[in-house]
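Pasted below: model.cif, mmCIF, C-alpha atoms.
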data_start
#
loop_
_atom_site.label_atom_id
_atom_site.label_comp_id
_atom_site.auth_asym_id
_atom_site.auth_seq_id
_atom_site.Cartn_x
_atom_site.Cartn_y
_atom_site.Cartn_z
CA MET A 1 137.14 68.22 91.00
CA ALA A 2 133.69 69.61 91.76
CA ASP A 3 131.32 67.98 94.23
CA ILE A 4 128.24 66.79 92.31
CA PHE A 5 124.96 66.97 94.20
CA TYR A 6 121.50 65.49 93.86
CA ILE A 7 119.29 67.81 95.92
CA GLY A 8 115.75 67.57 97.25
CA MET A 9 114.00 70.78 98.30
CA ASP A 10 110.79 71.03 100.32
CA LEU A 11 109.35 74.49 99.68
CA CYS A 12 106.55 75.39 102.10
CA SER A 13 104.92 78.73 102.88
CA ASP A 14 106.79 79.32 106.15
CA PHE A 15 110.02 77.40 105.74
CA THR A 16 112.24 75.49 103.34
CA GLN A 17 114.19 72.27 103.82
CA LEU A 18 117.05 70.86 101.77
CA SER A 19 118.62 67.44 101.56
CA TYR A 20 121.39 65.99 99.44
CA TYR A 21 122.22 62.44 98.48
CA ASN A 22 125.06 61.00 100.56
CA ASP A 23 126.92 58.54 98.32
CA ILE A 24 128.60 56.82 101.26
CA LYS A 25 125.43 56.26 103.31
CA ARG A 26 123.40 55.75 100.11
CA GLU A 27 120.54 57.85 101.38
CA PRO A 28 119.47 61.51 101.55
CA GLU A 29 120.89 63.65 104.33
CA SER A 30 119.15 66.77 105.62
CA VAL A 31 120.93 70.13 105.48
CA SER A 32 121.00 72.07 108.74
CA GLN A 33 121.13 75.84 109.07
CA LEU A 34 124.64 77.27 109.03
CA ASN A 35 124.13 79.14 112.30
CA ASN A 36 122.02 76.47 114.01
CA LYS A 37 122.98 72.81 113.51
CA GLU A 38 119.98 71.68 115.56
CA THR A 39 117.33 72.58 112.98
CA TYR A 40 116.72 71.84 109.33
CA LEU A 41 113.82 74.29 108.97
CA MET A 42 115.00 77.40 107.14
CA PRO A 43 112.58 80.34 107.52
CA ASN A 44 111.28 81.82 104.28
CA ILE A 45 112.39 85.37 105.02
CA LEU A 46 114.87 87.71 103.40
CA PHE A 47 116.92 90.48 104.96
CA TYR A 48 118.77 93.20 103.09
CA SER A 49 121.61 94.67 105.13
CA THR A 50 122.39 98.31 104.42
CA ASP A 51 125.60 97.83 106.41
CA THR A 52 127.04 95.16 104.11
CA GLU A 53 124.77 95.72 101.05
CA HIS A 54 124.11 92.00 101.17
CA TRP A 55 120.98 89.80 101.03
CA TYR A 56 120.50 87.09 103.68
CA VAL A 57 118.00 84.24 103.71
CA GLY A 58 116.60 81.82 106.29
CA GLY A 59 118.35 81.50 109.63
CA GLU A 60 121.07 83.93 108.60
CA ALA A 61 118.40 86.53 107.80
CA SER A 62 116.79 85.95 111.21
CA GLU A 63 120.15 86.54 112.89
CA ALA A 64 121.30 89.47 110.75
CA ARG A 65 118.11 91.46 111.34
CA PHE A 66 119.11 91.89 115.01
CA ASN A 67 122.76 92.71 114.33
CA GLU A 68 122.66 94.91 111.26
CA ASN A 69 120.64 97.77 109.83
CA GLY A 70 118.39 96.86 106.96
CA THR A 71 115.01 95.62 105.77
CA VAL A 72 113.19 92.39 106.55
CA VAL A 73 110.97 90.85 103.86
CA ASP A 74 108.53 88.10 104.83
CA GLY A 75 105.11 86.91 103.66
CA ILE A 76 106.72 86.13 100.31
CA PHE A 77 104.74 82.95 99.71
CA GLU A 78 101.41 84.49 100.74
CA ASN A 79 101.89 87.42 98.37
CA ILE A 80 103.19 85.48 95.38
CA GLY A 81 100.14 86.52 93.33
CA SER A 82 100.25 90.17 94.37
CA ASP A 83 101.06 93.00 91.97
CA GLU A 84 102.39 95.05 94.87
CA LYS A 85 105.97 96.25 94.69
CA ILE A 86 108.38 96.71 97.57
CA VAL A 87 110.99 99.45 97.57
CA ILE A 88 114.31 98.53 99.20
CA GLU A 89 117.15 101.03 99.04
CA GLU A 90 115.47 102.91 96.20
CA ARG A 91 114.96 99.79 94.10
CA GLU A 92 111.57 98.23 93.35
CA TYR A 93 111.02 94.49 93.73
CA THR A 94 107.96 92.41 92.91
CA TYR A 95 107.04 89.51 95.16
CA GLN A 96 107.75 87.21 92.25
CA GLU A 97 111.33 88.53 92.05
CA LEU A 98 111.74 88.19 95.81
CA PHE A 99 110.37 84.63 95.68
CA MET A 100 112.92 83.62 93.05
CA MET A 101 115.71 85.34 94.96
CA MET A 102 114.70 83.53 98.16
CA VAL A 103 114.68 80.10 96.49
CA LYS A 104 118.05 80.68 94.83
CA LEU A 105 119.64 81.96 98.06
CA HIS A 106 118.38 78.91 99.98
CA ILE A 107 120.15 76.69 97.45
CA ASP A 108 123.26 78.86 97.29
CA SER A 109 123.55 78.88 101.07
CA PHE A 110 124.16 75.13 100.85
CA LEU A 111 126.38 75.16 97.76
CA TYR A 112 128.61 77.89 99.24
CA ARG A 113 129.75 75.40 101.89
CA TYR A 114 131.88 73.68 99.26
CA GLU A 115 134.80 75.03 97.27
CA ALA A 116 133.36 73.66 94.04
CA ALA A 117 129.80 72.37 93.90
CA GLU A 118 127.58 71.50 90.96
CA ILE A 119 123.93 70.51 90.83
CA LYS A 120 123.33 67.29 88.93
CA LYS A 121 119.61 67.29 89.66
CA LEU A 122 117.35 69.44 91.83
CA VAL A 123 113.80 68.32 92.63
CA ILE A 124 111.59 70.92 94.31
CA SER A 125 108.60 69.64 96.26
CA VAL A 126 105.64 71.98 96.85
CA ASP A 127 102.42 71.41 98.75
CA ASP A 128 100.22 71.16 95.69
CA PHE A 129 100.20 72.29 92.08
CA ASN A 130 100.08 76.08 91.75
CA VAL A 131 100.31 77.53 88.23
CA GLN A 132 102.20 80.67 89.21
CA ILE A 133 104.71 78.92 91.45
CA PHE A 134 105.21 76.21 88.83
CA GLN A 135 105.85 78.80 86.11
CA LEU A 136 108.30 80.74 88.29
CA LEU A 137 110.25 77.65 89.34
CA SER A 138 110.34 76.43 85.75
CA ARG A 139 112.59 79.40 84.98
CA LEU A 140 114.93 78.80 87.91
CA TYR A 141 117.45 76.91 85.77
CA LYS A 142 118.34 80.19 84.03
CA ASP A 143 119.16 81.90 87.35
CA MET A 144 121.14 78.87 88.51
CA GLY A 145 123.04 78.55 85.23
CA ILE A 146 122.27 74.85 84.86
CA PRO A 147 120.53 72.77 82.13
CA LYS A 148 116.75 72.99 82.00
CA ASP A 149 116.31 69.27 82.67
CA ALA A 150 118.41 69.52 85.86
CA ILE A 151 115.38 70.96 87.70
CA GLU A 152 112.08 69.22 88.29
CA ILE A 153 109.02 70.28 90.27
CA THR A 154 106.86 67.81 92.12
CA SER A 155 104.32 67.64 94.93
CA HIS A 156 104.39 66.69 98.59
CA LEU A 157 102.27 63.64 97.80
CA ASP A 158 104.67 62.41 95.14
CA SER A 159 107.67 63.08 97.42
CA GLY A 160 105.95 61.18 100.20
CA LEU A 161 105.57 58.16 97.91
CA PHE A 162 109.24 58.31 96.93
CA TYR A 163 110.22 58.37 100.59
CA ILE A 164 107.89 55.56 101.68
CA PHE A 165 108.72 53.18 98.83
CA ASN A 166 112.44 53.59 99.42
CA GLN A 167 112.10 52.36 102.99
CA PRO A 168 112.48 48.67 103.93
CA THR A 169 109.93 46.52 102.13
CA GLU A 170 108.40 45.17 105.34
CA LEU A 171 107.06 48.67 106.09
CA TRP A 172 104.83 48.60 103.01
CA ASN A 173 103.81 44.96 102.83
CA ASN A 174 100.28 46.21 103.42
CA SER A 175 98.69 49.66 103.33
CA VAL A 176 100.65 52.67 104.61
CA ALA A 177 99.24 55.72 106.38
CA LEU A 178 100.62 59.23 105.92
CA TYR A 179 99.33 62.03 108.16
CA ASP A 180 100.34 65.56 107.16
CA TYR A 181 99.55 68.10 109.90
CA SER A 182 100.58 71.44 108.44
CA ALA A 183 99.67 74.97 109.50
CA ASP A 184 96.57 74.60 107.30
CA GLY A 185 95.35 71.52 109.15
CA LEU A 186 95.40 67.73 108.96
CA ASN A 187 95.36 65.71 105.75
CA TYR A 188 95.38 61.92 105.64
CA TYR A 189 96.65 59.70 102.83
CA ARG A 190 96.25 55.92 102.76
CA ILE A 191 98.53 54.20 100.30
CA ASP A 192 97.16 50.82 99.20
CA ILE A 193 99.44 48.34 97.42
CA GLN A 194 97.79 45.78 95.14
CA LYS A 195 100.44 43.28 94.08
CA ASN A 196 98.16 40.58 92.71
CA LYS A 197 96.51 42.72 90.03
CA ASP A 198 97.61 43.31 86.45
CA PRO A 199 98.98 45.89 86.40
CA LYS A 200 100.27 45.96 89.96
CA THR A 201 98.83 49.16 91.42
CA ILE A 202 99.53 51.74 94.10
CA THR A 203 96.38 53.67 94.97
CA VAL A 204 96.27 56.74 97.21
CA VAL A 205 93.09 57.58 99.13
CA HIS A 206 92.94 61.15 100.48
CA GLU A 207 90.83 62.40 103.41
CA ASP A 208 90.72 66.12 104.23
CA TYR A 209 90.50 66.69 107.99
CA THR A 210 91.52 70.36 107.94
CA GLU A 211 88.12 71.50 109.26
CA GLN A 212 88.19 69.00 112.12
CA MET A 213 91.84 69.51 113.08
CA SER A 214 93.91 72.68 112.71
CA LEU A 215 96.51 74.31 114.93
CA SER A 216 94.48 77.52 115.17
CA LYS A 217 91.45 75.59 116.42
CA TYR A 218 93.18 74.12 119.47
CA GLY A 219 95.64 76.81 120.53
CA ASN A 220 97.26 75.43 123.69
CA ASP A 221 94.66 72.73 124.23
CA THR A 222 96.86 69.81 123.24
CA TYR A 223 94.78 67.41 125.37
CA GLN A 224 91.72 67.82 123.14
CA MET A 225 93.91 67.71 120.04
CA ASP A 226 95.28 64.36 121.22
CA ILE A 227 91.76 63.01 121.83
CA ASP A 228 90.53 64.13 118.41
CA PHE A 229 93.55 62.74 116.57
CA ALA A 230 93.24 59.43 118.40
CA ARG A 231 89.62 59.21 117.23
CA ILE A 232 90.62 59.88 113.61
CA GLY A 233 93.50 57.40 113.80
CA GLU A 234 91.24 54.69 115.22
CA TYR A 235 88.58 55.33 112.57
CA GLU A 236 91.02 55.21 109.66
CA SER A 237 92.89 52.16 110.95
CA LYS A 238 89.68 50.12 110.77
CA LYS A 239 89.38 50.64 107.01
CA ALA A 240 92.54 48.74 106.02
CA TYR A 241 95.38 46.70 107.47
CA ILE A 242 98.19 49.22 107.87
CA SER A 243 101.85 48.19 108.10
CA ALA A 244 103.32 51.57 109.01
CA VAL A 245 102.31 55.13 109.84
CA PHE A 246 104.27 58.23 108.84
CA LEU A 247 103.63 61.56 110.54
CA THR A 248 104.91 64.84 109.15
CA GLY A 249 104.19 68.55 109.42
CA VAL A 250 104.68 71.27 112.04
CA GLY A 251 101.62 70.03 113.93
CA PHE A 252 103.56 66.94 115.02
CA SER A 253 106.67 68.86 116.08
CA ASN A 254 105.66 69.12 119.75
CA LYS A 255 105.24 66.20 122.15
CA TRP A 256 101.47 66.24 122.65
CA MET A 257 100.60 62.74 121.41
CA LYS A 258 99.74 60.33 124.23
CA LYS A 259 96.42 58.59 123.66
CA SER A 260 96.85 58.85 119.88
CA THR A 261 100.30 57.23 120.10
CA ASN A 262 98.76 54.17 121.75
CA VAL A 263 96.15 53.99 119.00
CA LEU A 264 98.59 54.34 116.10
CA CYS A 265 101.18 51.91 117.50
CA GLN A 266 98.80 48.97 117.80
CA GLY A 267 100.44 46.32 115.60
CA ARG A 268 102.33 48.76 113.39
CA ARG A 269 105.41 50.96 113.35
CA VAL A 270 105.10 54.74 113.56
CA PHE A 271 107.61 57.29 112.26
CA VAL A 272 107.64 61.04 112.86
CA GLY A 273 109.74 63.31 110.67
CA GLN A 274 109.71 66.83 109.31
CA ASN A 275 112.01 65.89 106.44
CA ILE A 276 109.94 63.23 104.65
CA TYR A 277 109.20 65.41 101.61
CA THR A 278 112.69 66.81 101.13
CA LYS A 279 114.20 63.34 101.35
CA GLY A 280 111.56 61.92 99.02
CA ALA A 281 112.37 64.67 96.51
CA CYS A 282 116.04 63.77 96.85
CA TYR A 283 115.33 60.11 96.04
CA ARG A 284 113.46 61.31 92.95
CA ALA A 285 116.43 63.49 91.98
CA VAL A 286 118.79 60.50 92.07
CA GLY A 287 116.37 58.31 90.11
CA GLY A 288 117.65 54.93 88.97
CA GLU A 289 116.90 52.22 91.52
CA TYR A 290 114.91 54.70 93.59
CA MET A 291 112.37 54.98 90.73
CA SER A 292 111.74 51.23 90.65
CA PHE A 293 108.35 51.37 92.39
CA TYR A 294 107.11 53.71 89.64
CA GLU A 295 108.35 51.24 87.05
CA ASP A 296 106.90 48.18 88.77
CA TYR A 297 103.52 49.67 89.77
CA PHE A 298 100.82 51.76 88.16
CA VAL A 299 100.52 54.73 90.53
CA GLU A 300 97.00 56.10 90.90
CA THR A 301 96.66 59.43 92.76
CA LYS A 302 94.52 62.54 92.47
CA GLU A 303 97.23 64.20 90.34
CA ASN A 304 98.23 61.32 88.07
CA ILE A 305 96.78 60.63 84.64
CA LEU A 306 95.08 57.26 84.25
CA SER A 307 95.21 56.75 80.48
CA ASP A 308 97.78 56.05 77.81
CA ILE A 309 97.36 58.33 74.81
CA GLY A 310 98.80 57.59 71.40
CA ILE A 311 98.01 56.90 67.76
CA ALA A 312 96.84 53.85 65.84
CA LEU A 313 98.99 53.09 62.81
CA GLY A 314 96.12 51.53 60.87
CA ASP A 315 98.17 48.49 59.86
CA GLU A 316 97.04 44.87 59.92
CA LYS A 317 97.97 44.51 63.59
CA ASP A 318 96.29 47.82 64.49
CA THR A 319 99.53 48.85 66.19
CA PHE A 320 99.20 51.34 69.03
CA VAL A 321 102.06 53.83 69.44
CA PRO A 322 101.92 55.54 72.87
CA ILE A 323 102.77 59.23 73.14
CA VAL A 324 102.25 59.42 76.91
CA THR A 325 101.59 56.67 79.44
CA GLY A 326 99.38 56.84 82.52
CA GLY A 327 100.46 56.74 86.13
CA LYS A 328 102.45 59.99 86.09
CA GLN A 329 101.68 63.53 87.28
CA TRP A 330 99.70 65.45 84.69
CA TYR A 331 101.81 68.60 84.98
CA ASN A 332 105.03 66.66 84.39
CA THR A 333 103.64 64.65 81.49
CA HIS A 334 104.27 65.66 77.90
CA GLY A 335 105.02 63.51 74.89
CA GLU A 336 105.67 63.80 71.18
CA VAL A 337 106.07 61.48 68.20
CA SER A 338 106.70 62.11 64.51
CA VAL A 339 104.67 60.37 61.79
CA ILE A 340 104.84 60.25 58.00
CA LEU A 341 101.48 60.00 56.28
CA ASP A 342 101.16 56.98 54.00
CA ASP A 343 98.34 57.42 51.50
CA THR A 344 96.05 59.08 54.07
CA ASP A 345 95.14 62.47 55.44
CA VAL A 346 93.83 61.28 58.83
CA ILE A 347 95.36 60.41 62.19
CA THR A 348 93.56 58.17 64.68
CA ILE A 349 94.03 59.25 68.29
CA VAL A 350 93.62 56.47 70.87
CA TYR A 351 92.82 57.06 74.57
CA LYS A 352 93.42 53.79 76.44
CA ASN A 353 92.66 53.31 80.13
CA HIS A 354 95.92 51.94 81.50
CA LYS A 355 94.23 49.66 84.05
CA THR A 356 91.20 48.35 82.16
CA GLY A 357 92.43 48.59 78.56
CA GLU A 358 89.15 50.29 77.58
CA GLU A 359 89.64 52.49 74.50
CA LYS A 360 88.18 55.63 73.01
CA ARG A 361 89.18 56.69 69.48
CA GLU A 362 88.99 59.97 67.59
CA THR A 363 89.87 60.62 63.96
CA VAL A 364 91.54 63.90 63.04
CA ARG A 365 91.52 64.87 59.37
CA ILE A 366 94.45 67.04 58.30
CA HIS A 367 92.91 69.77 56.12
CA GLY A 368 94.62 72.49 54.15
CA LEU A 369 97.98 70.90 53.39
CA PRO A 370 99.40 71.28 49.89
CA LYS A 371 99.39 68.30 47.52
CA ARG A 372 102.56 66.29 48.10
CA PRO A 373 103.71 62.89 46.87
CA ASN A 374 102.90 59.97 49.13
CA LYS A 375 105.12 59.63 52.25
CA THR A 376 106.41 63.21 51.99
CA THR A 377 104.19 64.76 54.68
CA LYS A 378 105.77 64.58 58.12
CA LEU A 379 103.79 65.60 61.21
CA SER A 380 104.59 65.92 64.88
CA VAL A 381 101.90 64.77 67.30
CA GLU A 382 102.14 66.11 70.86
CA VAL A 383 100.08 65.55 74.00
CA GLU A 384 99.85 68.08 76.83
CA PHE A 385 97.65 68.21 79.92
CA ASP A 386 95.69 70.92 81.77
CA SER A 387 94.50 68.56 84.53
CA PRO A 388 94.65 64.80 85.22
CA HIS A 389 91.92 64.18 82.62
CA GLU A 390 91.90 67.26 80.35
CA GLY A 391 94.37 68.35 77.73
CA ALA A 392 95.02 68.56 74.03
CA VAL A 393 96.59 66.73 71.12
CA ILE A 394 98.59 69.16 68.98
CA ILE A 395 99.50 68.24 65.40
CA ARG A 396 102.09 70.29 63.48
CA ASP A 397 103.03 70.12 59.82
CA LEU A 398 106.80 69.60 59.63
CA GLY A 399 107.03 69.46 55.85
CA PHE A 400 109.63 67.12 54.42
CA GLY A 401 113.07 68.62 54.29
CA LYS A 402 113.95 71.27 51.71
CA LEU A 403 111.86 69.67 48.98
CA PHE A 404 108.55 70.24 50.77
CA PRO A 405 108.87 73.03 53.36
CA THR A 406 106.51 73.25 56.31
CA THR A 407 103.32 75.27 56.08
CA ASN A 408 103.53 75.93 59.86
CA LYS A 409 99.93 74.77 60.17
CA ILE A 410 98.89 73.63 63.66
CA TYR A 411 95.87 71.48 64.50
CA ARG A 412 94.66 71.27 68.10
CA LYS A 413 92.24 68.63 69.40
CA GLU A 414 91.15 69.05 73.02
CA PHE A 415 90.12 66.03 75.06
CA ASP A 416 88.41 65.13 78.34
CA ILE A 417 88.98 61.52 79.40
#

How does this structure look as structure tokens?
Amino acid sequence: MADIFYIGMDLCSDFTQLSYYNDIKREPESVSQLNNKETYLMPNILFYSTDTEHWYVGGEASEARFNENGTVVDGIFENIGSDEKIVIEEREYTYQELFMMMVKLHIDSFLYRYEAAEIKKLVISVDDFNVQIFQLLSRLYKDMGIPKDAIEITSHLDSGLFYIFNQPTELWNNSVALYDYSADGLNYYRIDIQKNKDPKTITVVHEDYTEQMSLSKYGNDTYQMDIDFARIGEYESKKAYISAVFLTGVGFSNKWMKKSTNVLCQGRRVFVGQNIYTKGACYRAVGGEYMSFYEDYFVETKENILSDIGIALGDEKDTFVPIVTGGKQWYNTHGEVSVILDDTDVITIVYKNHKTGEEKRETVRIHGLPKRPNKTTKLSVEVEFDSPHEGAVIIRDLGFGKLFPTTNKIYRKEFDI
């Protein structure tokens, strides 16, 4: 019998982390490097060995480059948008091909540890939405030979929420602070929980401190870095009552925090971990009970849509049929319903603010369809997004079986809400 895995993947520019759901412990478990059990950070480099005619990735690539003849490939993330091609053993590779190979090899390096392993769900967490990376990863299921819906792409912010809200409840009785100190600098997220509102809401406030604090700015001056971070921590802690603080990112990997530790630990618990995002992605992969906070709360972040979009049936009750609901990431939100026109040639699109209930309506008249008997025109109505507040409603003529074939007409109504 095959081992079935729910996997979370944190895909950063310099390194990748993996975790899998441990059914016995009932929590995600980080995957260490094969050749170094002490670290979970797998470098994003490839090595092609001319000795073995074999590709290596991560820690194995770092080791093989010193023991075998071949070619090292790095800077894959930074060059993802480049048209440049690399020639290795008389074969040309694009950076896009190398990126996909790297991701697949990272996953395979874990799966190869088992005689028979299958992916039930893989959630890949990236720093922020990037069209090219999203499009590339959306095709990964073909390379992996798994169903399309077995792979999902999310963000660090979303993964952080999944991690935090699957910790003991007492840690998020009040606001929660998440500091992400990456190679690009420091970002701060305050997660506010409003339980007494209708709907109950989780709101994320983001502060960009990358100009004030970055690893390149300080070099070896960890004393000043500690002073500056303590000042930021003290300033932010005065804005809300914070139950817990989570610190992640390579900037927190060394033991430089002294004054700032005293500031952060005043009346709250502090956790430091490089694997917050990979474990959060793993919780999302499992779903079920680990999705409950998304079901119980309306989640308001910079990447989530705030409105429900649907159609009004035009009946006595003015029934609203949602196509998509707010509180989800815009790039993972898509919906579709089918309608049969009943003595009308119009569809009323409703944009409803999920929190306030405020509505905006637009009427779309369906022109150019052939004359058909009543209730024999079937349409599909889809909603897709280009940003948290921009997108389009797409209406397609489906015809009505063999009697009234489709005209293949498509109507597109763009919106900005």

How would you write, as a PDB file with C-alpha atoms, in the frame of the given file, the residues chosen by the PyMOL selection byres ((chain A and resi 12) around 9) on this structure?
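As written to disk, out.pdb reads:
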ATOM      1  CA  ASP A  10     110.790  71.030 100.320  1.00  0.00           C
ATOM      2  CA  LEU A  11     109.350  74.490  99.680  1.00  0.00           C
ATOM      3  CA  SER A  13     104.920  78.730 102.880  1.00  0.00           C
ATOM      4  CA  ASP A  14     106.790  79.320 106.150  1.00  0.00           C
ATOM      5  CA  PHE A  15     110.020  77.400 105.740  1.00  0.00           C
ATOM      6  CA  THR A  16     112.240  75.490 103.340  1.00  0.00           C
ATOM      7  CA  GLN A  17     114.190  72.270 103.820  1.00  0.00           C
ATOM      8  CA  ASN A  44     111.280  81.820 104.280  1.00  0.00           C
ATOM      9  CA  PHE A  77     104.740  82.950  99.710  1.00  0.00           C
ATOM     10  CA  SER A 125     108.600  69.640  96.260  1.00  0.00           C
ATOM     11  CA  VAL A 126     105.640  71.980  96.850  1.00  0.00           C
ATOM     12  CA  ASP A 127     102.420  71.410  98.750  1.00  0.00           C
TER      13      ASP A 127
END

Task: Target residues per the PyMOL selection byres ((chain A and resi 226) around 7), formatted as a VMD selection string - done: chain A and resid 222 to 225 227 to 230 256 to 260

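Residues lying within 10 Å of Asp128 (chain A), counting only C-alpha atoms and ignoring same-chain neighbours fewer than 5 positions away, are Cys12, Ile133, Phe134, Thr154, Ser155, His156, Leu157, Asp158 and Glu303 of chain A.
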
TODO: Provide the CA of Glu211 (chain A) to CA of Thr261 (chain A) distance in Å, to one decimal place.
DONE: 21.7 Å

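The shortest atom-to-atom distance to Glu89 (chain A), with only C-alpha atoms taken into account, belongs to A:Tyr48 out of A:Gly314, A:Leu306, A:Thr356, A:Tyr48.
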
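Proximity of A:Glu68, A:Tyr112, A:Val350, A:Ser49 to Ile88 (chain A), computed with all atoms listed in the file, is greatest for A:Ser49.
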
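The gap separating CA of Lys238 (chain A) from CA of Val272 (chain A) is 21.1 Å, in Å to one decimal.
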
Just say which residues the PyMOL selection byres ((chain A and resi 240) around 12) picks in this file, as a JSON list (two decimals) with C-alpha atoms, keeping the file's coordinate frame.
[["chain", "number", "residue", "atom", "x", "y", "z"],
["A", 174, "ASN", "CA", 100.28, 46.21, 103.42],
["A", 175, "SER", "CA", 98.69, 49.66, 103.33],
["A", 176, "VAL", "CA", 100.65, 52.67, 104.61],
["A", 177, "ALA", "CA", 99.24, 55.72, 106.38],
["A", 190, "ARG", "CA", 96.25, 55.92, 102.76],
["A", 191, "ILE", "CA", 98.53, 54.20, 100.30],
["A", 192, "ASP", "CA", 97.16, 50.82, 99.20],
["A", 193, "ILE", "CA", 99.44, 48.34, 97.42],
["A", 205, "VAL", "CA", 93.09, 57.58, 99.13],
["A", 233, "GLY", "CA", 93.50, 57.40, 113.80],
["A", 234, "GLU", "CA", 91.24, 54.69, 115.22],
["A", 235, "TYR", "CA", 88.58, 55.33, 112.57],
["A", 236, "GLU", "CA", 91.02, 55.21, 109.66],
["A", 237, "SER", "CA", 92.89, 52.16, 110.95],
["A", 238, "LYS", "CA", 89.68, 50.12, 110.77],
["A", 239, "LYS", "CA", 89.38, 50.64, 107.01],
["A", 241, "TYR", "CA", 95.38, 46.70, 107.47],
["A", 242, "ILE", "CA", 98.19, 49.22, 107.87],
["A", 243, "SER", "CA", 101.85, 48.19, 108.10],
["A", 244, "ALA", "CA", 103.32, 51.57, 109.01]]

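One distance worth recording is that between CA of Asn262 (chain A) and CA of Leu186 (chain A), which is 18.9 Å.
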
TODO: Excluding Asn332 (chain A) and residues on its chain fewer than 4 positions from it, collect all residues at most 12 Å away from it, counting only C-alpha atoms, and give them as an MDAnalysis selection string.
DONE: chainID A and resid 129 134 138 149 151:155 158 303:305 324:328 383:388

Task: Residues near region 293-297 of chain A, cut-off 8 Å, only C-alpha atoms, skip fewer than 3 positions along chain, as a ChimeraX atom specification - done: /A:165,199-202,290

Task: For Ala281 (chain A): contacts at 8 Å, all atoms listed in the file, fewer than 6 positions along chain excluded, given as JSON, numbers by chain - done: {"A": [7, 8, 9, 10, 123, 124, 125, 154, 159, 162, 163]}

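For Lys142 (chain A), the list of residues within 12 Å, based on all atoms listed in the file and with local chain neighbours fewer than 6 positions off taken out, reads Met100, Lys104, Leu136, Lys148, Asp149, Ala150 and Ile151 of chain A.
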
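Here the question is which of A:Ile276, A:Val339, A:Met102, A:Leu161 gets nearest to Val73 (chain A) using only C-alpha atoms, and that residue is A:Met102.
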
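Of the residues under consideration (A:Phe252, A:Tyr331, A:Ile309, A:Met42), A:Met42 shows the shortest atom-to-atom contact distance to Phe110 (chain A) when counting only C-alpha atoms.
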
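Minimum atom-to-atom distances from A:Ile349, A:Leu105, A:Leu379, A:Ile24 to Gly59 (chain A) were compared using only C-alpha atoms, and the lowest value belongs to A:Leu105.
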
TODO: Pick out the closest residue to Asp397 (chain A) from this set: A:Thr377, A:Ile4, A:Asn173, A:Glu414. Count only C-alpha atoms.
DONE: A:Thr377
